[in-house]
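Worksheet: one structure, shown below.
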Amino acid sequence: MRVGVGYSENPDTTRGGIQAAMEALKQAGQEKPCDLALLFATARHEARLLREAVVSVVGPATPIVGGASIGAIYKVRYGYAGDQIILAAVWLEGAGCEIVVEGGLAEGERETGRRLGAKLAALGLSPSSQAALFYDAIDASGGGMRMLMGTPLLAGLEDSLGFLPELIGAGLMGDYICSPTEQWTGGGVAAHQALGLVFSGGVRLDSVIMHGCLPATAYYTVTRADQQTILEIDGRPALTFVRQLLGPLIPLESYPFFLIFGVNKGEKWGEFEEKSYAGRLCLALDRARDGIVMFEPDMVEGTEFQIMLRSLDLDYIPPRVESLFAKLEGEGRAPVFALYVDCAGRAAGYAGLDLEDALAVQRAVADRAPLMGIYTGAEIAPVRGRPSCLDWTGVFCLFSVPK
């Protein structure tokens, strides 16, 4: 397997698509057509026009898959909330990649997951299969806007499969104002899709989770919830509970996209392990019901959680990246592609921070593998071996092959 990555910030969609595609081919040093193109771009680019531009470079026979991204991270550049386009050209070289797509997310995430799971089952997917999952996270079809949820999508997959492989992936969105976008599905363009990539022939996907936050409180318990809205914590109205806990220094209007709950899937009183936590980010406030609206609907009655404190430095990133490279080296595997799925809320310009985690990842990867990073609405990675949708998280994944 060989991969080349190209990047563009050209506001002209056609020129930007051609630039990114040509740069990817040049980086890989390949002349023959690639077997797959992974394409991500912000909502400023019209999906069909961008696809046509890429096809003009890679040819009509190459499947193009991907979708919206709030920004992109390349080996020496990064950007968000602009005209970013990033493309990875993949030559399988004897490996395999099956593309499975299922629509209808806006009509029901779990049902879409079940249908996608049935297709994956027909391919012979097993618990050890190497897979990635990308889905459209925005539904604006009803005139308003709502987030499409990855948790019920994964539940639907498990309904059909009876298990979940240790897949990675993302919920895709194209800007911070949740503009409607479309995805590239292999042979065309569509919205509200769930797209699975299943790799074979020795390709392996290994990942590490980088939350960038630590538990800052004792454990509390959700005692009443309505779908993705937490209504009571420890028997008290949720919003009032958290407001009294945090005090007046953090105003209520700052809670959305700032307040992070951590759900520990590991040893309750053990040492903190990033791989054992699922981060849950506040989306909005339900002041009428004194509730806290979360990005995912899985903080149900009985869920124990802690309030998380964001890290003020990026020292946690290099050791996590290095640990994955060292693991592969020890197992006699060669990294061929680095994918960084990064919560868009972590971007310094949006979060009001001075630290840009894209720079830390770029430095940690260096020239050891082609790097593609995308800024997303939700992230998917195994938490103690079980795929989970995550918030405010960076998921660093290395694709590797045997040496």
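By order of appearance in the structure tokens: chains A, B, ..., then residues from 1 within every chain, and ligands from 1 in the order shown.
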Under the rule of at most 12 Å, produce a per-residue listing of stretch 309-343 of chain A near stretch 280-286 of chain A: chain, number, name, the closest pair of atoms, and the distance in Å, as CSV, using only C-alpha atoms.
```
residue,atom,partner,partner_atom,distance
A:Leu309,CA,A:Leu281,CA,12.0
A:Arg310,CA,A:Leu281,CA,11.9
A:Cys343,CA,A:Leu281,CA,10.5
```
Given only C-alpha atoms, how would the per-residue table for stretch 185-239 of chain A near stretch 372-392 of chain A read, listing every residue at most 9 Å away with its closest atom pair and distance in Å to one decimal, sorted by chain and number, as JSON lines?
```
{"residue": "A:Ser207", "atom": "CA", "partner": "A:Ala381", "partner_atom": "CA", "distance": 7.3}
{"residue": "A:Val208", "atom": "CA", "partner": "A:Ala381", "partner_atom": "CA", "distance": 8.0}
{"residue": "A:Ile209", "atom": "CA", "partner": "A:Ala381", "partner_atom": "CA", "distance": 7.3}
{"residue": "A:His211", "atom": "CA", "partner": "A:Trp392", "partner_atom": "CA", "distance": 6.4}
{"residue": "A:Gly212", "atom": "CA", "partner": "A:Trp392", "partner_atom": "CA", "distance": 7.9}
{"residue": "A:Cys213", "atom": "CA", "partner": "A:Trp392", "partner_atom": "CA", "distance": 8.7}
```
Would you mind listing what lies within 12 Å of A:Ala155 as a list in words, with only C-alpha atoms counted and same-chain residues fewer than 6 positions away left out?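 Everything that qualifies: Gly108, Glu109, Arg110, Glu111, Thr112, Gly113, Arg114, Arg115, Leu116, Gly117, Met149, Leu161, Gly162, Phe163, Leu164, Pro297, Asp298, Arg386, Pro387, Ser388 and Cys389 of chain A.
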Residues near stretch 36-49 of chain A, anyone? I mean within 7 Å using only C-alpha atoms, not counting same-chain ones fewer than 2 positions away, as number ranges by chain. A: 13-14, 34, 51-53, 62-71, 82-91, 174-175, 179, 181-182, 189
Coordinates-based distance that separates atom CA of A:Leu133 from atom CA of A:Ala24 (Å, one decimal):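 Taking atom CA of A:Ala24 as the start and atom CA of A:Leu133 as the end point, the length is 22.4 Å.
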Residue with smallest distance to A:Gly94 - pool A:Val76, A:Leu214, A:Met1, A:Val401, counting only C-alpha atoms: A:Met1
Just the strand (DSSP E or B) stuff from stretch 175-269 of chain A, please, per backbone DSSP, written as a PyMOL selection string. chain A and resi 183-186+189-190+194-200+204-210+213-215+220-226+229-233+236-237+260-264
Go through A:Gly16, A:Gly4, A:Pro215, A:Pro251 one by one, measure the shortest atom-to-atom distance of each to A:Phe337 using only C-alpha atoms, and give the residue with the smallest value. A:Gly4
Using Å and a single decimal, report how far atom CA of A:Pro127 sits from atom CA of A:Pro152.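 Rounded to one decimal, the two atoms are 19.0 Å apart.
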Do you know which residues are at most 9 Å from A:Pro370 counting only C-alpha atoms, after dropping those on the same chain fewer than 2 positions away, and could you put them as a ChimeraX atom specification? /A:3-5,27-28,74-75,88,336-339,365-368,372
Give the answer as one residue: which of A:Leu353, A:Ala140, A:Cys178, A:Met299 has the shortest atom-to-atom distance to A:Glu232, using only C-alpha atoms?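 When distances to A:Glu232 are compared using only C-alpha atoms, the smallest one comes from A:Met299.
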What is the atom CA of A:Phe258-atom CA of A:Ile230 distance in Å, reported with one decimal? 16.0 Å
